[in-house]
Amino acid sequence: MKKQVYNPYLPLYEYIPDGEPHVFGDRVYVYGSHDQFGAFNFCHNNYVTWSAPVNDLSDWRYEGEILLRTEDPDNKKNKHDLYAPDVCQGPDGKYYIYYAFDWVGHTGVAVADKPTGPFKFVGHVHFPDGTVLGARKHDVFQFDPGVLVDDDGRVYLYSGFGATTFFPQITFKGFKIDGGYVMELEKDMVTIKGEPKKIFFKRGECDPEWNGHEFFEASSIRKINGKYYFVYSAYDGHELCYATSDSPMGPFKFGGTIVSNGDVGLNGRAKKDACYPIGNNHGGIACMPNGKFYIFYHRHTNFTNTDRQGLAEEIKIEKDGSIKQVEMTSCGLNGGPLKGEGEYPASICCCLMPKEGNIFYNFFRWPWQKGKMCITQSGKDTDTVETQYIENVKDGALMGYKYFDLRKTQQVALAVKGKAKGKAILEYAENGEAISSVDFDIKGEGEIVLNIVNGTEKNAVYIKFTDMKGKLDAYKLCLK
């Protein structure tokens, strides 16, 4: 690769959650919704995409806006937000984007000659008589569409919404909200063949193996080694699970959890012990030409559920077709640990735990939460300068980075700003043995320098703050 790449894999001023990676030609493109930093809602910006060469996942290129919110005739007044989309290349060679406006309940379709757009409105997914799916009483609620063009050219659309801890099973604006559905489309890419078929069921309707991992949202579909892999956000929201089938129409068998944006479930970790503030999750599998696979997902910043950034981790498809849960890391797409030298943004931490523990982020930051530790930025949403940092580091806080090659590293220095005094402890494991420590007394800008001892080729770095009075903001991690 030309350079190193870490999580988040896009510039730190970019907020693209719900990432759906697709390889078209010799590049991989990431399609997702587009959060506006500091907004009081999800997905407040127009769709954009970024791409990278399939043989260099460090070299991401901004491809610009691909679909405007006002392109759909139902949104000419720009009142609705573009929620998570998916893209496919149709049998005709053109590229189709499927999207749903916030809580409208319809699926829109737009087409382009290139994977980078611009995409132009085609229509809303509808029945053969022209009735839009979602216009009939008690139609299936359309949300987070996922699309698959199979090897034989047949087109399948997946959509739906289910219950979670926070959303009980309800009827919303006359729509049925009771699980995930699939429907086959005609070659025109917008007309449904037959009726939508329910394939993902609510609590109490499915086999016991799904318990706690029932379908919530975030439909994503791939065909891998002849099997259909359906990735979705499960009942608790923070994890991406998968199910497999021998047919695109199901039935699907529960597989397990691929990733949680707080590592919940990994090695028995409970939700109350999440290593990072949890929130909703959405993503898909990148199937690379070299035979590698990656799960794309997102994290939350700014102490809200609506300022989200894309992350990615390599996964392995086992011989039996299963996928084991992977951990959150800072090195992500890098193909191995980051170099144990140079400067890194402090905000690439994959562990961020205040003394009181992490929570499921709210939709916006309440005034009394302004003093809470989180990742934020000093710049505006429209800025293209990275100003991201960790704010409100207090007593008992823990920040962690996985992984670095520390074989030649002697020190790690954390650049901070604020007014505080206390002790910082370096550990190689979460709440592990103290490797080194230092007392600090910061007034204004300063550095907290910790010694590296017996570093290895693949080392985690955790910094814990104890006996601390005051608070700090953390900006850079310098290894030397």
# chains A, B, ... in the order shown; residues from 1 in each chain; ligands from 1
call {"tool": "closest_atom_pairs", "arguments": {"of": "segment 21-110 of chain A", "to": "segment 363-381 of chain A", "cutoff": "9 Å", "atoms": "only C-alpha atoms", "output": "JSON lines"}}
result
{"residue": "A:Gln36", "atom": "CA", "partner": "A:Asp381", "partner_atom": "CA", "distance": 6.0}
{"residue": "A:Phe37", "atom": "CA", "partner": "A:Asp381", "partner_atom": "CA", "distance": 5.0}
{"residue": "A:Gly38", "atom": "CA", "partner": "A:Asp381", "partner_atom": "CA", "distance": 7.4}
{"residue": "A:Ala39", "atom": "CA", "partner": "A:Phe364", "partner_atom": "CA", "distance": 8.2}
{"residue": "A:Phe40", "atom": "CA", "partner": "A:Phe364", "partner_atom": "CA", "distance": 5.9}
{"residue": "A:Asn41", "atom": "CA", "partner": "A:Phe363", "partner_atom": "CA", "distance": 7.1}
{"residue": "A:Phe42", "atom": "CA", "partner": "A:Phe363", "partner_atom": "CA", "distance": 8.4}
call {"tool": "residues_around", "arguments": {"residues": "segment 337-354 of chain A", "least_positions_apart": "3", "cutoff": "8 Å", "atoms": "only C-alpha atoms", "output": "PyMOL selection string"}}
result
chain A and resi 4+6-8+274-277+328-331+334+357-358+373-375+388-390+393-394+396-409+414+457-459+474-480
call {"tool": "write_last_selection", "arguments": {"atoms": "N, CA and C atoms", "output": "compact mmCIF listing (two decimals), in the first residue's frame"}}
result
# COMPACT_ATOMS: atom_id res chain seq x y z
N GLN A 4 -0.02 3.91 5.32
CA GLN A 4 -0.80 3.19 6.32
C GLN A 4 -2.26 3.65 6.28
N TYR A 6 -5.78 3.53 8.94
CA TYR A 6 -6.30 3.18 10.26
C TYR A 6 -7.80 3.44 10.31
N ASN A 7 -8.43 3.04 11.39
CA ASN A 7 -9.85 3.31 11.61
C ASN A 7 -10.03 4.62 12.37
N PRO A 8 -10.94 5.49 11.90
CA PRO A 8 -11.76 5.39 10.69
C PRO A 8 -10.90 5.48 9.43
N ALA A 274 -19.07 -2.49 27.61
CA ALA A 274 -18.69 -2.15 26.24
C ALA A 274 -17.41 -1.33 26.24
N CYS A 275 -16.49 -1.67 25.33
CA CYS A 275 -15.19 -1.00 25.31
C CYS A 275 -15.26 0.37 24.64
N TYR A 276 -16.37 0.63 23.96
CA TYR A 276 -16.56 1.90 23.27
C TYR A 276 -18.04 2.25 23.39
N PRO A 277 -18.41 3.52 23.42
CA PRO A 277 -19.84 3.87 23.51
C PRO A 277 -20.62 3.25 22.36
N MET A 328 -12.95 -4.86 17.45
CA MET A 328 -12.68 -3.51 16.96
C MET A 328 -11.17 -3.27 17.06
N THR A 329 -10.60 -2.65 16.04
CA THR A 329 -9.19 -2.32 16.08
C THR A 329 -8.97 -0.90 15.56
N SER A 330 -7.77 -0.41 15.81
CA SER A 330 -7.35 0.87 15.25
C SER A 330 -6.69 0.68 13.89
N CYS A 331 -6.22 -0.55 13.61
CA CYS A 331 -5.47 -0.76 12.36
C CYS A 331 -6.35 -1.21 11.19
N ASN A 334 -5.40 -2.04 7.47
CA ASN A 334 -3.96 -1.89 7.25
C ASN A 334 -3.26 -3.19 6.88
N GLY A 357 -18.30 3.83 32.92
CA GLY A 357 -18.72 2.87 31.91
C GLY A 357 -19.42 3.53 30.74
N ASN A 358 -19.60 2.78 29.66
CA ASN A 358 -20.20 3.31 28.45
C ASN A 358 -21.71 3.08 28.40
N MET A 373 -16.81 12.26 28.47
CA MET A 373 -15.72 11.94 27.56
C MET A 373 -16.26 11.40 26.25
N CYS A 374 -15.75 11.89 25.15
CA CYS A 374 -16.14 11.39 23.83
C CYS A 374 -15.16 11.90 22.80
N ILE A 375 -15.30 11.40 21.58
CA ILE A 375 -14.56 11.92 20.44
C ILE A 375 -15.40 13.00 19.79
N GLN A 388 -10.22 16.58 14.87
CA GLN A 388 -10.86 15.66 15.82
C GLN A 388 -9.95 15.40 17.02
N TYR A 389 -10.57 15.20 18.19
CA TYR A 389 -9.82 14.93 19.41
C TYR A 389 -10.72 14.23 20.41
N ILE A 390 -10.14 13.75 21.49
CA ILE A 390 -10.89 13.16 22.60
C ILE A 390 -11.04 14.23 23.67
N VAL A 393 -11.20 13.93 29.16
CA VAL A 393 -10.52 12.79 29.77
C VAL A 393 -10.39 13.08 31.26
N LYS A 394 -10.96 12.21 32.10
CA LYS A 394 -11.01 12.44 33.54
C LYS A 394 -10.48 11.23 34.30
N GLY A 396 -9.97 7.86 36.01
CA GLY A 396 -10.51 6.54 35.73
C GLY A 396 -10.69 6.23 34.26
N ALA A 397 -10.42 7.20 33.38
CA ALA A 397 -10.60 6.99 31.94
C ALA A 397 -9.57 6.01 31.39
N LEU A 398 -9.97 5.27 30.35
CA LEU A 398 -9.08 4.32 29.68
C LEU A 398 -9.25 4.49 28.18
N MET A 399 -8.14 4.67 27.48
CA MET A 399 -8.18 4.71 26.00
C MET A 399 -7.22 3.66 25.48
N GLY A 400 -7.65 2.95 24.43
CA GLY A 400 -6.84 1.85 23.93
C GLY A 400 -6.71 1.85 22.42
N TYR A 401 -5.58 1.31 21.95
CA TYR A 401 -5.26 1.26 20.52
C TYR A 401 -4.76 -0.14 20.18
N LYS A 402 -5.32 -0.74 19.15
CA LYS A 402 -4.89 -2.06 18.69
C LYS A 402 -4.76 -2.01 17.17
N TYR A 403 -3.63 -2.24 16.63
CA TYR A 403 -2.38 -2.68 17.26
C TYR A 403 -1.22 -1.88 16.68
N PHE A 404 -0.08 -1.92 17.38
CA PHE A 404 1.15 -1.31 16.89
C PHE A 404 2.27 -2.35 16.91
N ASP A 405 3.27 -2.13 16.06
CA ASP A 405 4.52 -2.89 16.12
C ASP A 405 5.48 -2.08 16.99
N LEU A 406 5.71 -2.55 18.21
CA LEU A 406 6.48 -1.79 19.19
C LEU A 406 7.89 -2.34 19.41
N ARG A 407 8.37 -3.15 18.51
CA ARG A 407 9.67 -3.78 18.73
C ARG A 407 10.81 -2.77 18.84
N LYS A 408 10.70 -1.64 18.13
CA LYS A 408 11.76 -0.64 18.18
C LYS A 408 11.31 0.65 18.88
N THR A 409 10.11 0.63 19.41
CA THR A 409 9.55 1.83 20.03
C THR A 409 10.02 1.96 21.48
N LEU A 414 1.46 11.28 24.61
CA LEU A 414 0.10 11.72 24.33
C LEU A 414 0.04 13.24 24.46
N GLU A 457 5.80 -7.44 18.16
CA GLU A 457 5.41 -7.15 16.78
C GLU A 457 3.95 -6.73 16.67
N LYS A 458 3.12 -7.22 17.58
CA LYS A 458 1.70 -6.87 17.58
C LYS A 458 1.29 -6.56 19.01
N ASN A 459 1.28 -5.27 19.32
CA ASN A 459 1.06 -4.82 20.69
C ASN A 459 -0.14 -3.89 20.77
N ALA A 474 -7.34 15.11 24.55
CA ALA A 474 -6.20 14.40 23.95
C ALA A 474 -6.23 14.54 22.44
N TYR A 475 -5.10 14.90 21.83
CA TYR A 475 -5.06 15.23 20.41
C TYR A 475 -4.22 14.26 19.57
N LYS A 476 -3.01 14.01 20.01
CA LYS A 476 -2.09 13.20 19.20
C LYS A 476 -1.43 12.11 20.05
N LEU A 477 -1.10 11.02 19.37
CA LEU A 477 -0.32 9.94 19.96
C LEU A 477 0.97 9.87 19.17
N CYS A 478 2.09 10.10 19.83
CA CYS A 478 3.38 10.09 19.15
C CYS A 478 4.22 8.95 19.66
N LEU A 479 4.63 8.07 18.75
CA LEU A 479 5.48 6.92 19.10
C LEU A 479 6.87 7.15 18.58
N LYS A 480 7.87 6.91 19.41
CA LYS A 480 9.25 7.17 19.01
C LYS A 480 10.22 6.25 19.73
call {"tool": "closest_residue", "arguments": {"among": "A:Val109, A:Gly265, A:Ile278, A:Ala270", "to": "Gln325 of chain A", "atoms": "only C-alpha atoms"}}
result
A:Gly265
call {"tool": "closest_atom_pairs", "arguments": {"of": "segment 325-393 of chain A", "to": "segment 14-24 of chain A", "cutoff": "10 Å", "atoms": "only C-alpha atoms", "output": "Markdown table"}}
result
| residue | atom | partner | partner_atom | distance |
| --- | --- | --- | --- | --- |
| A:Asp381 | CA | A:Glu14 | CA | 8.2 |
| A:Thr382 | CA | A:Glu14 | CA | 9.2 |
| A:Asp383 | CA | A:Glu14 | CA | 9.2 |
| A:Thr384 | CA | A:Glu14 | CA | 8.2 |
| A:Val385 | CA | A:Glu14 | CA | 9.9 |
| A:Glu386 | CA | A:Glu14 | CA | 9.1 |
call {"tool": "write_last_selection", "arguments": {"atoms": "C-alpha atoms", "output": "PDB file, in the first residue's frame"}}
result
ATOM      1  CA  ASP A 381     -19.166  19.856   9.183  1.00  0.00           C
ATOM      2  CA  THR A 382     -18.104  21.547   5.928  1.00  0.00           C
ATOM      3  CA  ASP A 383     -14.425  21.770   6.916  1.00  0.00           C
ATOM      4  CA  THR A 384     -11.910  19.506   5.230  1.00  0.00           C
ATOM      5  CA  VAL A 385      -9.276  19.861   7.952  1.00  0.00           C
ATOM      6  CA  GLU A 386      -8.959  17.150  10.599  1.00  0.00           C
TER       7      GLU A 386
END
call {"tool": "residues_around", "arguments": {"residues": "Lys421 of chain A", "least_positions_apart": "4", "cutoff": "12 Å", "atoms": "only C-alpha atoms", "output": "tab-separated table (two decimals) with N, CA and C atoms, in the first residue's frame"}}
result
chain	number	residue	atom	x	y	z
A	393	VAL	N	-11.20	13.93	29.16
A	393	VAL	CA	-10.52	12.79	29.77
A	393	VAL	C	-10.39	13.08	31.26
A	394	LYS	N	-10.96	12.21	32.10
A	394	LYS	CA	-11.01	12.44	33.54
A	394	LYS	C	-10.48	11.23	34.30
A	395	ASP	N	-10.55	11.31	35.60
A	395	ASP	CA	-10.06	10.23	36.46
A	395	ASP	C	-10.76	8.92	36.13
A	416	VAL	N	-1.74	16.61	24.93
A	416	VAL	CA	-2.99	16.96	25.62
A	416	VAL	C	-3.07	18.46	25.83
A	417	LYS	N	-4.28	18.88	26.20
A	417	LYS	CA	-4.52	20.28	26.52
A	417	LYS	C	-5.54	20.32	27.65
A	438	VAL	N	3.62	7.46	34.89
A	438	VAL	CA	4.21	8.78	35.05
A	438	VAL	C	3.20	9.69	35.74
A	439	ASP	N	3.69	10.53	36.65
A	439	ASP	CA	2.86	11.56	37.24
A	439	ASP	C	2.87	12.78	36.33
A	440	PHE	N	1.75	13.43	36.20
A	440	PHE	CA	1.69	14.61	35.33
A	440	PHE	C	0.97	15.76	36.03
A	441	ASP	N	1.33	16.95	35.61
A	441	ASP	CA	0.66	18.18	36.08
A	441	ASP	C	0.61	19.10	34.87
A	442	ILE	N	-0.54	19.12	34.19
A	442	ILE	CA	-0.70	19.85	32.93
A	442	ILE	C	-1.44	21.16	33.18
A	443	LYS	N	-0.88	22.23	32.67
A	443	LYS	CA	-1.56	23.54	32.67
A	443	LYS	C	-1.41	24.11	31.27
A	444	GLY	N	-2.48	24.02	30.49
A	444	GLY	CA	-2.41	24.43	29.09
A	444	GLY	C	-2.09	23.24	28.20
A	446	GLY	N	0.51	20.25	26.74
A	446	GLY	CA	1.62	19.47	27.25
A	446	GLY	C	1.61	18.05	26.68
A	448	ILE	N	2.13	13.80	27.84
A	448	ILE	CA	2.27	12.75	28.84
A	448	ILE	C	3.10	11.65	28.20
A	465	PHE	N	-5.88	6.60	33.32
A	465	PHE	CA	-5.67	7.79	34.14
A	465	PHE	C	-6.22	7.54	35.55
A	466	THR	N	-5.38	7.75	36.54
A	466	THR	CA	-5.78	7.50	37.93
A	466	THR	C	-5.38	8.68	38.82
A	467	ASP	N	-5.97	8.73	40.00
A	467	ASP	CA	-5.65	9.76	41.00
A	467	ASP	C	-5.66	11.15	40.36
A	468	MET	N	-6.62	11.38	39.50
A	468	MET	CA	-6.61	12.56	38.64
A	468	MET	C	-7.63	13.60	39.12
A	469	LYS	N	-7.20	14.83	39.11
A	469	LYS	CA	-8.08	15.96	39.35
A	469	LYS	C	-8.03	16.86	38.13
A	470	GLY	N	-9.21	17.36	37.71
A	470	GLY	CA	-9.28	18.16	36.50
A	470	GLY	C	-9.62	17.31	35.30
A	471	LYS	N	-9.46	17.86	34.11
A	471	LYS	CA	-9.75	17.13	32.88
A	471	LYS	C	-8.86	17.61	31.75
A	472	LEU	N	-8.69	16.73	30.76
A	472	LEU	CA	-7.83	16.99	29.63
A	472	LEU	C	-8.53	16.66	28.33
call {"tool": "residues_around", "arguments": {"residues": "Ile199 of chain A", "least_positions_apart": "4", "cutoff": "8 Å", "atoms": "only C-alpha atoms", "output": "PyMOL selection string"}}
result
chain A and resi 179-182+249-252
call {"tool": "closest_residue", "arguments": {"among": "A:Phe360, A:Tyr29, A:Lys202, A:Pro128", "to": "Asp273 of chain A", "atoms": "only C-alpha atoms"}}
result
A:Phe360
call {"tool": "select_by_dssp", "arguments": {"residues": "segment 7-93 of chain A", "states": "strand (DSSP E)", "output": "ChimeraX atom specification"}}
result
/A:20-24,27-31,47-53,61-67,86-89
call {"tool": "write_last_selection", "arguments": {"atoms": "N, CA and C atoms", "output": "compact mmCIF listing (two decimals), in the first residue's frame"}}
result
# COMPACT_ATOMS: atom_id res chain seq x y z
N GLU A 20 -21.76 0.33 2.70
CA GLU A 20 -21.93 -0.83 1.81
C GLU A 20 -20.81 -0.81 0.78
N PRO A 21 -19.80 -1.68 0.94
CA PRO A 21 -18.69 -1.72 -0.01
C PRO A 21 -18.99 -2.63 -1.20
N HIS A 22 -18.71 -2.14 -2.40
CA HIS A 22 -18.92 -2.94 -3.61
C HIS A 22 -17.73 -2.76 -4.54
N VAL A 23 -17.27 -3.85 -5.11
CA VAL A 23 -16.18 -3.81 -6.09
C VAL A 23 -16.80 -3.69 -7.48
N PHE A 24 -16.46 -2.62 -8.18
CA PHE A 24 -16.84 -2.43 -9.57
C PHE A 24 -15.56 -2.15 -10.34
N ARG A 27 -11.84 -1.03 -8.63
CA ARG A 27 -11.94 -0.20 -7.44
C ARG A 27 -13.07 -0.70 -6.54
N VAL A 28 -12.92 -0.41 -5.24
CA VAL A 28 -13.99 -0.70 -4.28
C VAL A 28 -14.61 0.63 -3.90
N TYR A 29 -15.93 0.69 -3.95
CA TYR A 29 -16.68 1.91 -3.65
C TYR A 29 -17.48 1.69 -2.37
N VAL A 30 -17.50 2.71 -1.52
CA VAL A 30 -18.28 2.63 -0.29
C VAL A 30 -19.46 3.58 -0.41
N TYR A 31 -20.66 2.99 -0.30
CA TYR A 31 -21.90 3.76 -0.32
C TYR A 31 -22.50 3.72 1.08
N TYR A 47 -25.91 12.16 -0.45
CA TYR A 47 -25.04 11.00 -0.61
C TYR A 47 -23.75 11.40 -1.32
N VAL A 48 -22.63 10.89 -0.81
CA VAL A 48 -21.35 10.96 -1.50
C VAL A 48 -20.76 9.55 -1.51
N THR A 49 -19.73 9.34 -2.28
CA THR A 49 -19.02 8.07 -2.21
C THR A 49 -17.52 8.32 -2.26
N TRP A 50 -16.79 7.36 -1.69
CA TRP A 50 -15.34 7.32 -1.74
C TRP A 50 -14.95 5.98 -2.36
N SER A 51 -13.81 5.94 -3.02
CA SER A 51 -13.35 4.69 -3.61
C SER A 51 -11.86 4.52 -3.42
N ALA A 52 -11.40 3.27 -3.55
CA ALA A 52 -9.98 2.95 -3.43
C ALA A 52 -9.65 1.83 -4.42
N PRO A 53 -8.41 1.77 -4.89
CA PRO A 53 -8.01 0.63 -5.74
C PRO A 53 -8.15 -0.67 -4.95
N ARG A 61 -10.24 7.87 -2.30
CA ARG A 61 -10.45 9.07 -3.12
C ARG A 61 -11.90 9.53 -3.02
N TYR A 62 -12.08 10.80 -2.80
CA TYR A 62 -13.42 11.38 -2.73
C TYR A 62 -13.99 11.50 -4.14
N GLU A 63 -15.17 10.93 -4.36
CA GLU A 63 -15.79 10.93 -5.69
C GLU A 63 -16.92 11.96 -5.81
N GLY A 64 -17.17 12.70 -4.74
CA GLY A 64 -18.16 13.77 -4.81
C GLY A 64 -19.58 13.31 -4.52
N GLU A 65 -20.52 14.25 -4.62
CA GLU A 65 -21.93 13.93 -4.40
C GLU A 65 -22.45 13.07 -5.54
N ILE A 66 -23.21 12.04 -5.17
CA ILE A 66 -23.72 11.12 -6.19
C ILE A 66 -25.24 11.17 -6.33
N LEU A 67 -25.92 11.63 -5.27
CA LEU A 67 -27.38 11.76 -5.34
C LEU A 67 -27.82 12.87 -4.39
N ASP A 86 -28.21 1.20 -0.84
CA ASP A 86 -27.37 0.14 -1.39
C ASP A 86 -27.31 0.33 -2.89
N VAL A 87 -26.28 -0.22 -3.51
CA VAL A 87 -26.04 -0.03 -4.94
C VAL A 87 -25.72 -1.37 -5.58
N CYS A 88 -26.17 -1.54 -6.82
CA CYS A 88 -25.82 -2.73 -7.60
C CYS A 88 -25.61 -2.33 -9.05
N GLN A 89 -24.98 -3.22 -9.79
CA GLN A 89 -24.90 -3.06 -11.24
C GLN A 89 -25.95 -3.97 -11.85
call {"tool": "residues_around", "arguments": {"residues": "Val259 of chain A", "least_positions_apart": "6", "cutoff": "7 Å", "atoms": "only C-alpha atoms", "output": "PyMOL selection string"}}
result
chain A and resi 239-240+325-327
call {"tool": "residues_around", "arguments": {"residues": "Asp150 of chain A", "least_positions_apart": "4", "cutoff": "9 Å", "atoms": "only C-alpha atoms", "output": "MDAnalysis selection string"}}
result
chainID A and resid 154:156 223 248
call {"tool": "write_last_selection", "arguments": {"atoms": "N, CA and C atoms", "output": "CSV table (one decimal), in the first residue's frame"}}
result
chain,number,residue,atom,x,y,z
A,154,ARG,N,-31.2,-12.4,-12.1
A,154,ARG,CA,-32.4,-12.1,-11.3
A,154,ARG,C,-32.0,-11.1,-10.2
A,155,VAL,N,-32.9,-10.2,-9.9
A,155,VAL,CA,-32.7,-9.1,-8.9
A,155,VAL,C,-33.6,-9.3,-7.7
A,156,TYR,N,-33.0,-9.2,-6.5
A,156,TYR,CA,-33.7,-9.3,-5.3
A,156,TYR,C,-33.5,-8.1,-4.4
A,223,LYS,N,-23.4,-12.8,-2.1
A,223,LYS,CA,-23.3,-14.2,-2.4
A,223,LYS,C,-21.8,-14.6,-2.4
A,248,PRO,N,-31.7,-17.1,-2.4
A,248,PRO,CA,-31.9,-15.7,-2.1
A,248,PRO,C,-33.2,-15.4,-1.4
call {"tool": "closest_residue", "arguments": {"among": "A:Leu133, A:Ala312, A:Val122, A:Ala234", "to": "Phe161 of chain A", "atoms": "only C-alpha atoms"}}
result
A:Ala234
call {"tool": "select_by_dssp", "arguments": {"residues": "segment 141-331 of chain A", "states": "helix (DSSP H, G or I)", "output": "JSON, numbers by chain"}}
result
{"A": [208, 209, 210, 266, 267, 268, 271, 272, 273]}
call {"tool": "write_last_selection", "arguments": {"atoms": "N, CA and C atoms", "output": "CSV table (one decimal), in the first residue's frame"}}
result
chain,number,residue,atom,x,y,z
A,208,PRO,N,-35.1,-20.7,18.6
A,208,PRO,CA,-34.4,-20.2,19.8
A,208,PRO,C,-33.0,-19.7,19.6
A,209,GLU,N,-32.4,-20.2,18.5
A,209,GLU,CA,-31.0,-19.8,18.3
A,209,GLU,C,-30.8,-18.3,17.9
A,210,TRP,N,-31.9,-17.7,17.5
A,210,TRP,CA,-31.9,-16.3,17.2
A,210,TRP,C,-32.1,-15.4,18.4
A,266,LEU,N,-17.9,-10.4,22.5
A,266,LEU,CA,-16.6,-10.9,22.2
A,266,LEU,C,-15.9,-11.4,23.5
A,267,ASN,N,-15.6,-12.7,23.5
A,267,ASN,CA,-14.9,-13.3,24.7
A,267,ASN,C,-15.8,-13.0,26.0
A,268,GLY,N,-17.1,-13.1,25.8
A,268,GLY,CA,-18.0,-12.9,26.9
A,268,GLY,C,-18.3,-11.6,27.4
A,271,LYS,N,-22.8,-6.1,27.8
A,271,LYS,CA,-23.1,-4.8,27.3
A,271,LYS,C,-22.7,-3.7,28.2
A,272,LYS,N,-22.8,-3.9,29.5
A,272,LYS,CA,-22.4,-2.9,30.5
A,272,LYS,C,-20.9,-2.6,30.5
A,273,ASP,N,-20.1,-3.5,29.9
A,273,ASP,CA,-18.7,-3.4,29.9
A,273,ASP,C,-18.2,-3.1,28.4
call {"tool": "closest_residue", "arguments": {"among": "A:Ala135, A:Gly194, A:Asn225, A:Ile258", "to": "Asp246 of chain A", "atoms": "only C-alpha atoms"}}
result
A:Asn225
call {"tool": "decode", "arguments": {"residues": "segment 274-302 of chain A", "atoms": "C-alpha atoms", "output": "PDB file, in the first residue's frame"}}
result
ATOM      1  CA  ALA A 274     -18.687  -2.149  26.241  1.00  0.00           C
ATOM      2  CA  CYS A 275     -15.192  -1.000  25.310  1.00  0.00           C
ATOM      3  CA  TYR A 276     -16.556   1.901  23.266  1.00  0.00           C
ATOM      4  CA  PRO A 277     -19.838   3.870  23.513  1.00  0.00           C
ATOM      5  CA  ILE A 278     -22.356   1.760  21.613  1.00  0.00           C
ATOM      6  CA  GLY A 279     -25.073   2.815  19.203  1.00  0.00           C
ATOM      7  CA  ASN A 280     -26.843   1.584  16.118  1.00  0.00           C
ATOM      8  CA  ASN A 281     -24.830  -0.335  13.530  1.00  0.00           C
ATOM      9  CA  HIS A 282     -25.044  -0.998   9.805  1.00  0.00           C
ATOM     10  CA  GLY A 283     -22.621  -2.322   7.223  1.00  0.00           C
ATOM     11  CA  GLY A 284     -21.802  -4.955   4.667  1.00  0.00           C
ATOM     12  CA  ILE A 285     -19.110  -7.381   3.524  1.00  0.00           C
ATOM     13  CA  ALA A 286     -16.470  -6.375   1.000  1.00  0.00           C
ATOM     14  CA  CYS A 287     -15.581  -9.351  -1.205  1.00  0.00           C
ATOM     15  CA  MET A 288     -12.168  -8.514  -2.622  1.00  0.00           C
ATOM     16  CA  PRO A 289     -10.642 -10.040  -5.790  1.00  0.00           C
ATOM     17  CA  ASN A 290      -7.654 -11.330  -3.793  1.00  0.00           C
ATOM     18  CA  GLY A 291      -9.975 -13.571  -1.762  1.00  0.00           C
ATOM     19  CA  LYS A 292     -10.001 -11.416   1.366  1.00  0.00           C
ATOM     20  CA  PHE A 293     -13.162 -10.270   3.106  1.00  0.00           C
ATOM     21  CA  TYR A 294     -13.836  -7.224   5.243  1.00  0.00           C
ATOM     22  CA  ILE A 295     -16.796  -6.144   7.344  1.00  0.00           C
ATOM     23  CA  PHE A 296     -17.628  -2.441   7.103  1.00  0.00           C
ATOM     24  CA  TYR A 297     -19.493  -0.925  10.062  1.00  0.00           C
ATOM     25  CA  HIS A 298     -19.531   2.353  12.010  1.00  0.00           C
ATOM     26  CA  ARG A 299     -18.778   4.005  15.340  1.00  0.00           C
ATOM     27  CA  HIS A 300     -20.356   6.954  17.150  1.00  0.00           C
ATOM     28  CA  THR A 301     -18.834  10.287  18.141  1.00  0.00           C
ATOM     29  CA  ASN A 302     -19.774  13.594  19.788  1.00  0.00           C
TER      30      ASN A 302
END
